[in-house]
Amino acid sequence: MYDEQQQPEHGPLAGFTVGVTAARRADELGALLQRRGSVVVHAPALRIVPLADDSELLAATKEIIQRTPDVVVATTAIGFRGWIEAADGWGLGEDLLERLRGVELLARGPKVKGAVRAAGLTEEWSPSSESMAEVLDRLLEEGVEGRRIAIQLHGEPLPGFVESLRAAGAEVLGVPVYRWLPPEDIGPVDRLLDAAVSRGLDAVTFTSAPAAASLLSRAEERGLLPELLAALAHDVVPACVGPVTALPLQALGVDTVQPERFRLGPLVQLLCQELPGRARSLPIAGHRVEIRGHAVLVDGALRPVPPAGMSLLRALSRRPGWVVARAELLRALPGAGRDEHAVETAMARLRAALGAPKLIQTVVKRGYRLALDPAADAKYADA
């Protein structure tokens, strides 16, 4: 019999596949997901390039020179250097540096601090965590009502950062150094879309509104938008780092999940709750069986299952304990054609993968059924 107290040896996301659309900090997000057991599919939905038309950056620079802000936040080393170099090119470099010497200058992390000092400036403070969330916490603790805060933006917008400052009464000026464009290689995005619409993903993460908009746009170009929206509505969890990131999805009626704190760590923790919480768990043949995206937990042990086997198992689990005909199971198999022998082959592989052949019973001349424990039969009789 299964042991309810058995401690799993795998991470909470084991058996699930998560898509990552981020261009920046994708490695960090992917590592957080993988450490918790997830398979990660990375497809940057946009790329970050310097502004070809820098009129927005010029306008922001002139505004800072004319109306010196109280606080300037430098977010990336390359972005800060690019800003100073652009100002030099316009003959505004010295004026800009003079204004920055008189403000509260915050630098996100040691690389940014190095760029600030290379420009002959000194930061007032830099977080040890390199986290913009820590910068936000400091500003809100200081109090920002009535203060002007300029933020050197990097490639992706800062989810929740600007909104939180404005909600607390700050006037916020963005200093855009980059622009977002579709990725040069669209192949990974197309593969992620194909995986999403075929339910090969259990969740897709979004850390910026442009990335979400880019993925939706590519789906529309390929004629896959209705299928993608259906997948995100029912089977693939759309996880956004914050409410601003979610706007392009919500505009199309997609409900998203979001952590309370707009950070990567809480986003991953949210998935650690959401995905296992949605998995089907059944008492079968004296075992506790939990059906995940590409694997099954049998009494807490992780059992990877081939895609065809997962399709059969999901078809059987929709009506636990009931006999499912071979013809119906054949329809559940992707690309199986009309030969019911394909069901028998996939079923043999499924049983081998589960490591407990008695979980699935063969009902002669009728089909197959999950060997649901007798005590559970009444519960699922009308399923």
# chains A, B, ... in the order shown; residues from 1 in each chain; ligands from 1

$ residues_around --residues "range 34-45 of chain A" --least-positions-apart "4" --cutoff "9 Å" --atoms "only C-alpha atoms" --output "JSON, numbers by chain"
{"A": [10, 11, 12, 13, 14, 15, 16, 17, 18, 19, 20, 21, 22, 23, 24, 26, 29, 30, 181, 182, 183, 186, 187, 188, 189, 190, 191, 192, 201, 210, 211, 212, 213, 214, 215, 218, 268, 272]}

$ write_last_selection --atoms "C-alpha atoms" --output "PDB file, in the first residue's frame"
ATOM      1  CA  HIS A  10      12.185  14.992  -6.401  1.00  0.00           C
ATOM      2  CA  GLY A  11      11.409  18.698  -6.655  1.00  0.00           C
ATOM      3  CA  PRO A  12       7.864  20.079  -6.582  1.00  0.00           C
ATOM      4  CA  LEU A  13       7.983  20.739 -10.341  1.00  0.00           C
ATOM      5  CA  ALA A  14       9.265  17.278 -11.300  1.00  0.00           C
ATOM      6  CA  GLY A  15       7.231  15.883 -14.176  1.00  0.00           C
ATOM      7  CA  PHE A  16       6.199  19.327 -15.439  1.00  0.00           C
ATOM      8  CA  THR A  17       7.442  21.304 -18.450  1.00  0.00           C
ATOM      9  CA  VAL A  18       7.574  25.102 -18.244  1.00  0.00           C
ATOM     10  CA  GLY A  19       8.128  27.549 -21.113  1.00  0.00           C
ATOM     11  CA  VAL A  20      10.285  30.630 -20.508  1.00  0.00           C
ATOM     12  CA  THR A  21       9.761  33.618 -22.836  1.00  0.00           C
ATOM     13  CA  ALA A  22      12.209  36.020 -21.175  1.00  0.00           C
ATOM     14  CA  ALA A  23      15.128  37.547 -23.043  1.00  0.00           C
ATOM     15  CA  ARG A  24      16.879  38.968 -19.979  1.00  0.00           C
ATOM     16  CA  ALA A  26      16.265  33.798 -18.641  1.00  0.00           C
ATOM     17  CA  LEU A  29      14.641  31.911 -14.160  1.00  0.00           C
ATOM     18  CA  GLY A  30      15.472  28.649 -15.930  1.00  0.00           C
ATOM     19  CA  LEU A 181      12.316  43.556 -31.527  1.00  0.00           C
ATOM     20  CA  PRO A 182      11.244  40.046 -32.524  1.00  0.00           C
ATOM     21  CA  PRO A 183      14.013  37.462 -32.116  1.00  0.00           C
ATOM     22  CA  ILE A 186      11.997  32.633 -34.632  1.00  0.00           C
ATOM     23  CA  GLY A 187      12.435  28.839 -34.490  1.00  0.00           C
ATOM     24  CA  PRO A 188      12.455  28.486 -30.672  1.00  0.00           C
ATOM     25  CA  VAL A 189       9.313  30.635 -30.387  1.00  0.00           C
ATOM     26  CA  ASP A 190       7.527  28.490 -32.969  1.00  0.00           C
ATOM     27  CA  ARG A 191       8.565  25.326 -31.130  1.00  0.00           C
ATOM     28  CA  LEU A 192       7.263  26.764 -27.864  1.00  0.00           C
ATOM     29  CA  LEU A 201       3.790  22.508 -21.814  1.00  0.00           C
ATOM     30  CA  PRO A 210       6.462  43.036 -24.716  1.00  0.00           C
ATOM     31  CA  ALA A 211       7.386  39.337 -24.534  1.00  0.00           C
ATOM     32  CA  ALA A 212       3.753  38.370 -23.969  1.00  0.00           C
ATOM     33  CA  ALA A 213       2.607  40.614 -26.831  1.00  0.00           C
ATOM     34  CA  SER A 214       5.333  39.216 -29.101  1.00  0.00           C
ATOM     35  CA  LEU A 215       4.313  35.600 -28.451  1.00  0.00           C
ATOM     36  CA  ARG A 218       3.566  35.308 -33.589  1.00  0.00           C
ATOM     37  CA  VAL A 268       8.630  30.096  -9.359  1.00  0.00           C
ATOM     38  CA  CYS A 272       5.400  25.087  -7.303  1.00  0.00           C
TER      39      CYS A 272
END

$ select_by_dssp --residues "range 90-198 of chain A" --states "helix (DSSP H, G or I)" --output "PyMOL selection string"
chain A and resi 93-101+110-118+132-142+161-167+187-197

$ residues_around --residues "Asp88 in chain A" --least-positions-apart "5" --cutoff "12 Å" --atoms "only C-alpha atoms" --output "number ranges by chain"
A: 58, 61, 81-83, 93-97, 119

$ residues_around --residues "range 253-260 of chain A" --least-positions-apart "4" --cutoff "7 Å" --atoms "only C-alpha atoms" --output "NGL selection string"
:A and (229 or 232-233 or 238-242 or 246 or 249 or 266-267 or 270)

$ write_last_selection --atoms "N, CA and C atoms" --output "PDB file, in the first residue's frame"
ATOM      1  N   LEU A 229      -4.917  30.457 -27.208  1.00  0.00           N
ATOM      2  CA  LEU A 229      -5.788  31.010 -26.164  1.00  0.00           C
ATOM      3  C   LEU A 229      -6.572  29.902 -25.473  1.00  0.00           C
ATOM      4  N   LEU A 232      -4.163  28.169 -23.081  1.00  0.00           N
ATOM      5  CA  LEU A 232      -3.879  28.989 -21.901  1.00  0.00           C
ATOM      6  C   LEU A 232      -5.101  29.096 -20.985  1.00  0.00           C
ATOM      7  N   ALA A 233      -6.268  28.903 -21.555  1.00  0.00           N
ATOM      8  CA  ALA A 233      -7.492  28.995 -20.746  1.00  0.00           C
ATOM      9  C   ALA A 233      -7.745  27.728 -19.946  1.00  0.00           C
ATOM     10  N   PRO A 238      -0.727  30.243 -17.665  1.00  0.00           N
ATOM     11  CA  PRO A 238       0.031  31.448 -17.999  1.00  0.00           C
ATOM     12  C   PRO A 238       0.426  32.166 -16.699  1.00  0.00           C
ATOM     13  N   ALA A 239       1.717  32.169 -16.401  1.00  0.00           N
ATOM     14  CA  ALA A 239       2.214  32.738 -15.140  1.00  0.00           C
ATOM     15  C   ALA A 239       2.977  34.021 -15.441  1.00  0.00           C
ATOM     16  N   CYS A 240       2.475  35.138 -14.926  1.00  0.00           N
ATOM     17  CA  CYS A 240       3.084  36.446 -15.167  1.00  0.00           C
ATOM     18  C   CYS A 240       3.708  36.971 -13.884  1.00  0.00           C
ATOM     19  N   VAL A 241       4.823  37.685 -14.048  1.00  0.00           N
ATOM     20  CA  VAL A 241       5.528  38.170 -12.870  1.00  0.00           C
ATOM     21  C   VAL A 241       4.783  39.322 -12.191  1.00  0.00           C
ATOM     22  N   GLY A 242       3.868  39.960 -12.915  1.00  0.00           N
ATOM     23  CA  GLY A 242       3.110  41.056 -12.328  1.00  0.00           C
ATOM     24  C   GLY A 242       1.967  41.486 -13.220  1.00  0.00           C
ATOM     25  N   ALA A 246       0.907  41.087 -17.485  1.00  0.00           N
ATOM     26  CA  ALA A 246      -0.275  40.305 -17.862  1.00  0.00           C
ATOM     27  C   ALA A 246      -1.215  41.045 -18.810  1.00  0.00           C
ATOM     28  N   LEU A 249      -2.194  39.655 -22.326  1.00  0.00           N
ATOM     29  CA  LEU A 249      -2.957  38.415 -22.216  1.00  0.00           C
ATOM     30  C   LEU A 249      -4.386  38.696 -21.756  1.00  0.00           C
ATOM     31  N   PRO A 266       9.330  34.459  -6.213  1.00  0.00           N
ATOM     32  CA  PRO A 266       7.912  34.206  -5.934  1.00  0.00           C
ATOM     33  C   PRO A 266       7.145  33.663  -7.138  1.00  0.00           C
ATOM     34  N   LEU A 267       7.560  34.032  -8.361  1.00  0.00           N
ATOM     35  CA  LEU A 267       6.907  33.489  -9.555  1.00  0.00           C
ATOM     36  C   LEU A 267       7.110  31.980  -9.620  1.00  0.00           C
ATOM     37  N   LEU A 270       5.120  30.237  -6.919  1.00  0.00           N
ATOM     38  CA  LEU A 270       3.706  30.155  -7.303  1.00  0.00           C
ATOM     39  C   LEU A 270       3.457  28.934  -8.186  1.00  0.00           C
TER      40      LEU A 270
END

$ closest_residue --among "A:Gly309, A:Pro176, A:Gly169, A:Gly321" --to "Thr76 in chain A" --atoms "only C-alpha atoms"
A:Pro176
